[in-house]
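Chemist: Have a look at this one.
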Amino acid sequence: MATENKTNGGRYDARKYVAELLGTMALVFFGCGAAVLAGKAVAGLSGLGLLGISFAFGMVVLVMVYAIGPISGCHINPAITIAMLLARKISVKDGVIYIIVQCIGAILGAEMLFWIALGMPGYKVGINGLGQNGYDLLSPGLFSLQAGIVAEVTLTFFFLLAIFGATSREAPKGFAGVGIGFTLFIVHLVGIPVTGTSVNPARSLGPALILAVNGSGDALNQLWLFWLAPIIGAVLAAAVWVLVLSPDGAPPAPQETPRMIKMKGAQTKPALKERPEAVEKRKAKDEDEDGDKDGEEEEDLEDDEADKEEDLEDEEEDDEEEEDLEEEEGNPVKDKAKINKKR
């Protein structure tokens, strides 16, 4: 979504409204244009058929996601805007203006397509149409009203789920347009035979209104279905996403508390900020303890030196006694002479 413009007094940037208008205009012009101008064989050229028309709608949305997505979010569909409004991803003011400019863009795209189609040989408004949506006799496959309602609700539901998932925070970045575009391609493959595939009230409004202005009002009479059914599908998708599937609202996974390894001299708890008086007292206490430790160490050193001196004296006395014993044992003649002399 485009963010609030802080440089102009907090007013919203009007670029996103223009982007939504142009994006919806492109969707109707190229998507419906593929059906009207190139859907069937013309002047010896093979027509696109069901596959080609579906691909055209999907590729237009894919391109628009990357072209105007960074500006407006690329809704280009009132059903998407209503779903994003319910999911609180857009403001009420932006939501209302988005829907208005989307409808204007769809009408302009259908008008441009109409003027081009008038130049096609054999084109008749009442017969060829402008890629409008319908049921019963206006359905491409003559499907009933019931089939049209179920198809539009279901297709819109899954289309919106794909949009929510592709734009969620856990989705791969930069690939939202690919997922959304190919989802719309699949949606059209199923929906074109049933109703011509709307899943977008503005896309249905544009061709129906231009046809009514030019004398064919049948599509406009059936337009209610292509507003009601896509909006119901969008509301259901928003409810399922927000209440069940959304990873954005899920609680974070519990994290394991790191094991504290107590090491000698390591501080396991963060130190609290102490007052200056407490800091001075603690320093003085540390100094006294250091002084006591130093005194004890000096006393221990003196005791060790005294013990060493005593050990040395004892060793000297033992050496003298050993020498005396050796002298007495090793010179018996001298000892005998000493004894006779004494006699």
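In the structure tokens, the first chain shown is A, the next is B, and so on; residue numbers restart at 1 for each chain, and ligands run from 1 in the order shown.
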May I have the residues within 9 Å of Leu189 of chain A as a VMD selection string, using only C-alpha atoms and disregarding those fewer than 4 positions away in the same chain?
Modeler: chain A and resid 50 to 51 53 to 55 184 to 185 193 197
Chemist: Using only C-alpha atoms, determine which residues lie at most 8 Å from segment 129-138 of chain A, disregarding the query and same-chain residues fewer than 5 positions distant; provide the list as JSON, numbers by chain.
Modeler: {"A": [32, 33, 35, 36, 110, 113, 114, 124, 143, 144, 145, 148, 194, 195, 196, 197, 198, 204, 207, 208, 211, 219, 222, 223, 226]}
Chemist: Go ahead and write the selection's residues with N, CA and C atoms as a PDB file, in the first residue's frame.
Modeler:
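Printed below is selection_8.pdb as written:
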ATOM      1  N   CYS A  32     -10.824  -7.752 -21.782  1.00  0.00           N
ATOM      2  CA  CYS A  32     -12.024  -7.843 -22.617  1.00  0.00           C
ATOM      3  C   CYS A  32     -11.680  -7.664 -24.092  1.00  0.00           C
ATOM      4  N   GLY A  33     -10.637  -6.865 -24.364  1.00  0.00           N
ATOM      5  CA  GLY A  33     -10.216  -6.685 -25.746  1.00  0.00           C
ATOM      6  C   GLY A  33      -9.727  -7.979 -26.368  1.00  0.00           C
ATOM      7  N   ALA A  35     -10.903 -10.852 -25.733  1.00  0.00           N
ATOM      8  CA  ALA A  35     -12.098 -11.635 -26.043  1.00  0.00           C
ATOM      9  C   ALA A  35     -12.850 -11.085 -27.262  1.00  0.00           C
ATOM     10  N   VAL A  36     -12.968  -9.749 -27.347  1.00  0.00           N
ATOM     11  CA  VAL A  36     -13.775  -9.121 -28.391  1.00  0.00           C
ATOM     12  C   VAL A  36     -13.022  -9.052 -29.718  1.00  0.00           C
ATOM     13  N   ALA A 110     -13.665   0.228 -21.181  1.00  0.00           N
ATOM     14  CA  ALA A 110     -14.710  -0.324 -22.042  1.00  0.00           C
ATOM     15  C   ALA A 110     -15.064   0.636 -23.170  1.00  0.00           C
ATOM     16  N   LEU A 113     -12.378   0.407 -25.804  1.00  0.00           N
ATOM     17  CA  LEU A 113     -12.534  -0.856 -26.540  1.00  0.00           C
ATOM     18  C   LEU A 113     -13.713  -0.773 -27.511  1.00  0.00           C
ATOM     19  N   PHE A 114     -14.775  -0.118 -27.095  1.00  0.00           N
ATOM     20  CA  PHE A 114     -15.963   0.010 -27.953  1.00  0.00           C
ATOM     21  C   PHE A 114     -15.637   0.753 -29.243  1.00  0.00           C
ATOM     22  N   LYS A 124     -21.212  -5.917 -34.427  1.00  0.00           N
ATOM     23  CA  LYS A 124     -22.500  -5.385 -33.994  1.00  0.00           C
ATOM     24  C   LYS A 124     -22.545  -5.444 -32.472  1.00  0.00           C
ATOM     25  N   PHE A 143     -25.233 -21.242 -18.969  1.00  0.00           N
ATOM     26  CA  PHE A 143     -25.382 -21.720 -17.602  1.00  0.00           C
ATOM     27  C   PHE A 143     -26.442 -20.907 -16.872  1.00  0.00           C
ATOM     28  N   SER A 144     -27.084 -21.541 -15.875  1.00  0.00           N
ATOM     29  CA  SER A 144     -28.205 -20.935 -15.154  1.00  0.00           C
ATOM     30  C   SER A 144     -27.744 -19.903 -14.140  1.00  0.00           C
ATOM     31  N   LEU A 145     -28.726 -19.205 -13.548  1.00  0.00           N
ATOM     32  CA  LEU A 145     -28.456 -18.222 -12.513  1.00  0.00           C
ATOM     33  C   LEU A 145     -27.778 -18.870 -11.307  1.00  0.00           C
ATOM     34  N   GLY A 148     -24.243 -19.535 -12.004  1.00  0.00           N
ATOM     35  CA  GLY A 148     -23.476 -18.290 -12.013  1.00  0.00           C
ATOM     36  C   GLY A 148     -23.151 -17.801 -10.610  1.00  0.00           C
ATOM     37  N   VAL A 194     -19.040 -20.289 -17.874  1.00  0.00           N
ATOM     38  CA  VAL A 194     -20.204 -20.153 -16.997  1.00  0.00           C
ATOM     39  C   VAL A 194     -20.801 -18.754 -17.083  1.00  0.00           C
ATOM     40  N   THR A 195     -19.972 -17.734 -16.808  1.00  0.00           N
ATOM     41  CA  THR A 195     -20.471 -16.345 -16.766  1.00  0.00           C
ATOM     42  C   THR A 195     -19.622 -15.378 -17.586  1.00  0.00           C
ATOM     43  N   GLY A 196     -18.563 -15.871 -18.192  1.00  0.00           N
ATOM     44  CA  GLY A 196     -17.595 -14.975 -18.815  1.00  0.00           C
ATOM     45  C   GLY A 196     -16.535 -14.537 -17.814  1.00  0.00           C
ATOM     46  N   THR A 197     -16.687 -14.955 -16.573  1.00  0.00           N
ATOM     47  CA  THR A 197     -15.783 -14.664 -15.440  1.00  0.00           C
ATOM     48  C   THR A 197     -15.742 -13.184 -15.103  1.00  0.00           C
ATOM     49  N   SER A 198     -16.330 -12.877 -13.962  1.00  0.00           N
ATOM     50  CA  SER A 198     -16.235 -11.521 -13.435  1.00  0.00           C
ATOM     51  C   SER A 198     -15.193 -11.475 -12.313  1.00  0.00           C
ATOM     52  N   SER A 204     -17.149  -5.883 -14.600  1.00  0.00           N
ATOM     53  CA  SER A 204     -18.476  -6.162 -15.152  1.00  0.00           C
ATOM     54  C   SER A 204     -19.252  -4.878 -15.433  1.00  0.00           C
ATOM     55  N   PRO A 207     -18.186  -2.749 -19.276  1.00  0.00           N
ATOM     56  CA  PRO A 207     -18.824  -3.183 -20.521  1.00  0.00           C
ATOM     57  C   PRO A 207     -20.349  -3.104 -20.472  1.00  0.00           C
ATOM     58  N   ALA A 208     -20.973  -3.447 -19.319  1.00  0.00           N
ATOM     59  CA  ALA A 208     -22.437  -3.425 -19.230  1.00  0.00           C
ATOM     60  C   ALA A 208     -22.980  -2.013 -19.406  1.00  0.00           C
ATOM     61  N   LEU A 211     -22.540  -0.837 -23.106  1.00  0.00           N
ATOM     62  CA  LEU A 211     -23.540  -1.502 -23.949  1.00  0.00           C
ATOM     63  C   LEU A 211     -24.927  -0.883 -23.748  1.00  0.00           C
ATOM     64  N   ALA A 219     -27.115  -6.811 -20.346  1.00  0.00           N
ATOM     65  CA  ALA A 219     -26.005  -7.047 -19.414  1.00  0.00           C
ATOM     66  C   ALA A 219     -26.149  -6.188 -18.166  1.00  0.00           C
ATOM     67  N   GLN A 222     -28.456  -7.701 -15.570  1.00  0.00           N
ATOM     68  CA  GLN A 222     -27.884  -8.820 -14.807  1.00  0.00           C
ATOM     69  C   GLN A 222     -26.655  -8.420 -13.989  1.00  0.00           C
ATOM     70  N   LEU A 223     -26.368  -7.139 -13.963  1.00  0.00           N
ATOM     71  CA  LEU A 223     -25.143  -6.678 -13.288  1.00  0.00           C
ATOM     72  C   LEU A 223     -25.169  -6.933 -11.779  1.00  0.00           C
ATOM     73  N   PHE A 226     -23.067  -9.751 -10.492  1.00  0.00           N
ATOM     74  CA  PHE A 226     -21.613  -9.638 -10.578  1.00  0.00           C
ATOM     75  C   PHE A 226     -21.052  -8.570  -9.643  1.00  0.00           C
TER      76      PHE A 226
END
Chemist: Could you go through segment 13-252 of chain A and tell me which residues DSSP, when run on the backbone, assigns to alpha helix (DSSP H), listing them as a ChimeraX atom specification?
Modeler: /A:15-26,33-37,49-72,78-86,92-117,125-128,145-166,176-195,201-213,218-221,225-240
Chemist: Save out the residues we just selected, C-alpha atoms, as a compact mmCIF listing (two decimals), in the first residue's frame.
Modeler:
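See out12.txt below for the written result:
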# COMPACT_ATOMS: atom_id res chain seq x y z
CA ARG A 15 -0.88 8.98 -7.18
CA LYS A 16 -2.39 5.78 -5.80
CA TYR A 17 -5.89 6.81 -6.87
CA VAL A 18 -4.67 7.53 -10.38
CA ALA A 19 -2.78 4.21 -10.35
CA GLU A 20 -5.97 2.31 -9.45
CA LEU A 21 -7.89 4.08 -12.21
CA LEU A 22 -5.27 3.27 -14.85
CA GLY A 23 -4.81 -0.30 -13.64
CA THR A 24 -8.52 -1.11 -13.84
CA MET A 25 -8.72 0.60 -17.21
CA ALA A 26 -5.89 -1.62 -18.50
CA GLY A 33 -10.22 -6.68 -25.75
CA ALA A 34 -8.61 -10.12 -26.11
CA ALA A 35 -12.10 -11.63 -26.04
CA VAL A 36 -13.77 -9.12 -28.39
CA LEU A 37 -11.03 -8.37 -30.90
CA GLY A 49 -9.92 -19.11 -27.74
CA LEU A 50 -10.58 -19.92 -24.07
CA LEU A 51 -6.93 -20.51 -23.20
CA GLY A 52 -5.67 -17.32 -24.82
CA ILE A 53 -8.35 -15.07 -23.30
CA SER A 54 -7.72 -16.53 -19.84
CA PHE A 55 -4.00 -15.99 -20.25
CA ALA A 56 -4.57 -12.37 -21.32
CA PHE A 57 -6.51 -11.55 -18.14
CA GLY A 58 -3.90 -13.22 -15.96
CA MET A 59 -0.95 -11.52 -17.62
CA VAL A 60 -2.54 -8.06 -17.41
CA VAL A 61 -2.91 -8.42 -13.66
CA LEU A 62 0.62 -9.82 -13.32
CA VAL A 63 2.07 -6.83 -15.16
CA MET A 64 -0.05 -4.32 -13.24
CA VAL A 65 1.08 -5.78 -9.88
CA TYR A 66 4.65 -4.85 -10.71
CA ALA A 67 3.71 -1.58 -12.45
CA ILE A 68 1.42 0.03 -9.86
CA GLY A 69 1.67 -2.38 -6.92
CA PRO A 70 4.34 -0.30 -5.14
CA ILE A 71 2.09 2.77 -5.50
CA SER A 72 -1.42 1.59 -4.66
CA PRO A 78 -13.71 -3.51 -5.68
CA ALA A 79 -13.97 -7.03 -4.26
CA ILE A 80 -10.27 -6.97 -3.38
CA THR A 81 -10.59 -3.51 -1.84
CA ILE A 82 -13.54 -4.62 0.33
CA ALA A 83 -11.61 -7.70 1.47
CA MET A 84 -8.55 -5.60 2.35
CA LEU A 85 -10.79 -3.15 4.19
CA LEU A 86 -12.24 -5.97 6.31
CA VAL A 92 -12.07 3.45 4.96
CA LYS A 93 -11.29 6.67 3.09
CA ASP A 94 -8.91 4.95 0.72
CA GLY A 95 -11.32 2.04 0.29
CA VAL A 96 -14.18 4.27 -0.83
CA ILE A 97 -12.03 6.30 -3.22
CA TYR A 98 -10.43 3.14 -4.62
CA ILE A 99 -13.85 1.68 -5.53
CA ILE A 100 -14.95 4.92 -7.19
CA VAL A 101 -11.82 5.30 -9.34
CA GLN A 102 -11.85 1.59 -10.21
CA CYS A 103 -15.34 1.94 -11.62
CA ILE A 104 -14.33 5.04 -13.58
CA GLY A 105 -11.27 3.24 -14.97
CA ALA A 106 -13.38 0.24 -16.04
CA ILE A 107 -15.84 2.49 -17.86
CA LEU A 108 -13.02 4.31 -19.67
CA GLY A 109 -11.41 1.01 -20.69
CA ALA A 110 -14.71 -0.32 -22.04
CA GLU A 111 -15.35 2.92 -23.92
CA MET A 112 -11.94 2.78 -25.61
CA LEU A 113 -12.53 -0.86 -26.54
CA PHE A 114 -15.96 0.01 -27.95
CA TRP A 115 -14.57 2.63 -30.33
CA ILE A 116 -11.92 0.22 -31.57
CA ALA A 117 -14.46 -2.61 -32.02
CA VAL A 125 -22.89 -4.23 -30.40
CA GLY A 126 -25.89 -6.41 -29.64
CA ILE A 127 -24.27 -9.54 -31.07
CA ASN A 128 -20.54 -9.30 -30.42
CA LEU A 145 -28.46 -18.22 -12.51
CA GLN A 146 -27.69 -20.72 -9.75
CA ALA A 147 -24.56 -21.90 -11.52
CA GLY A 148 -23.48 -18.29 -12.01
CA ILE A 149 -23.87 -17.42 -8.31
CA VAL A 150 -22.00 -20.48 -7.08
CA ALA A 151 -19.24 -20.02 -9.66
CA GLU A 152 -18.67 -16.33 -8.93
CA VAL A 153 -18.68 -16.76 -5.14
CA THR A 154 -16.32 -19.74 -5.26
CA LEU A 155 -13.93 -18.32 -7.83
CA THR A 156 -13.70 -14.98 -6.01
CA PHE A 157 -13.15 -16.76 -2.69
CA PHE A 158 -10.13 -18.69 -3.93
CA PHE A 159 -8.80 -15.73 -5.89
CA LEU A 160 -8.80 -13.59 -2.75
CA LEU A 161 -7.19 -16.35 -0.68
CA ALA A 162 -4.38 -16.47 -3.22
CA ILE A 163 -3.96 -12.70 -2.98
CA PHE A 164 -3.84 -12.76 0.83
CA GLY A 165 -1.30 -15.56 0.80
CA ALA A 166 0.89 -14.08 -1.93
CA ALA A 176 3.25 -11.87 -5.53
CA GLY A 177 2.46 -10.81 -9.09
CA VAL A 178 3.27 -14.25 -10.47
CA GLY A 179 1.01 -16.03 -8.00
CA ILE A 180 -1.87 -13.59 -8.41
CA GLY A 181 -1.63 -13.48 -12.20
CA PHE A 182 -1.61 -17.24 -12.65
CA THR A 183 -4.45 -17.64 -10.16
CA LEU A 184 -6.59 -15.29 -12.25
CA PHE A 185 -5.59 -17.28 -15.34
CA ILE A 186 -6.90 -20.50 -13.73
CA VAL A 187 -10.04 -18.72 -12.52
CA HIS A 188 -10.87 -17.63 -16.08
CA LEU A 189 -10.30 -21.13 -17.46
CA VAL A 190 -13.16 -22.36 -15.26
CA GLY A 191 -15.36 -19.26 -15.19
CA ILE A 192 -15.50 -18.10 -18.83
CA PRO A 193 -17.92 -20.84 -19.99
CA VAL A 194 -20.20 -20.15 -17.00
CA THR A 195 -20.47 -16.35 -16.77
CA PRO A 201 -17.58 -5.85 -10.03
CA ALA A 202 -15.85 -2.95 -11.82
CA ARG A 203 -14.79 -5.18 -14.72
CA SER A 204 -18.48 -6.16 -15.15
CA LEU A 205 -19.75 -2.59 -14.76
CA GLY A 206 -17.67 -1.05 -17.56
CA PRO A 207 -18.82 -3.18 -20.52
CA ALA A 208 -22.44 -3.42 -19.23
CA LEU A 209 -22.78 0.35 -18.92
CA ILE A 210 -21.27 1.10 -22.35
CA LEU A 211 -23.54 -1.50 -23.95
CA ALA A 212 -26.58 0.04 -22.22
CA VAL A 213 -25.66 3.51 -23.47
CA ASP A 218 -29.46 -6.86 -21.06
CA ALA A 219 -26.00 -7.05 -19.41
CA LEU A 220 -26.84 -4.07 -17.19
CA ASN A 221 -30.00 -5.86 -15.98
CA LEU A 225 -25.15 -10.73 -9.67
CA PHE A 226 -21.61 -9.64 -10.58
CA TRP A 227 -21.53 -7.21 -7.69
CA LEU A 228 -23.22 -9.37 -5.08
CA ALA A 229 -21.47 -12.71 -5.70
CA PRO A 230 -17.87 -11.39 -5.86
CA ILE A 231 -18.41 -9.31 -2.71
CA ILE A 232 -19.75 -12.37 -0.85
CA GLY A 233 -16.73 -14.40 -1.97
CA ALA A 234 -14.38 -11.60 -0.91
CA VAL A 235 -15.99 -11.29 2.55
CA LEU A 236 -15.75 -15.05 3.10
CA ALA A 237 -12.10 -15.07 2.02
CA ALA A 238 -11.25 -12.18 4.34
CA ALA A 239 -12.96 -13.92 7.28
CA VAL A 240 -11.20 -17.24 6.67
Chemist: Please measure the separation of atom CA of Leu45 of chain A and atom CA of Tyr123 of chain A, giving the value in Å to one decimal.
Modeler: 16.2 Å
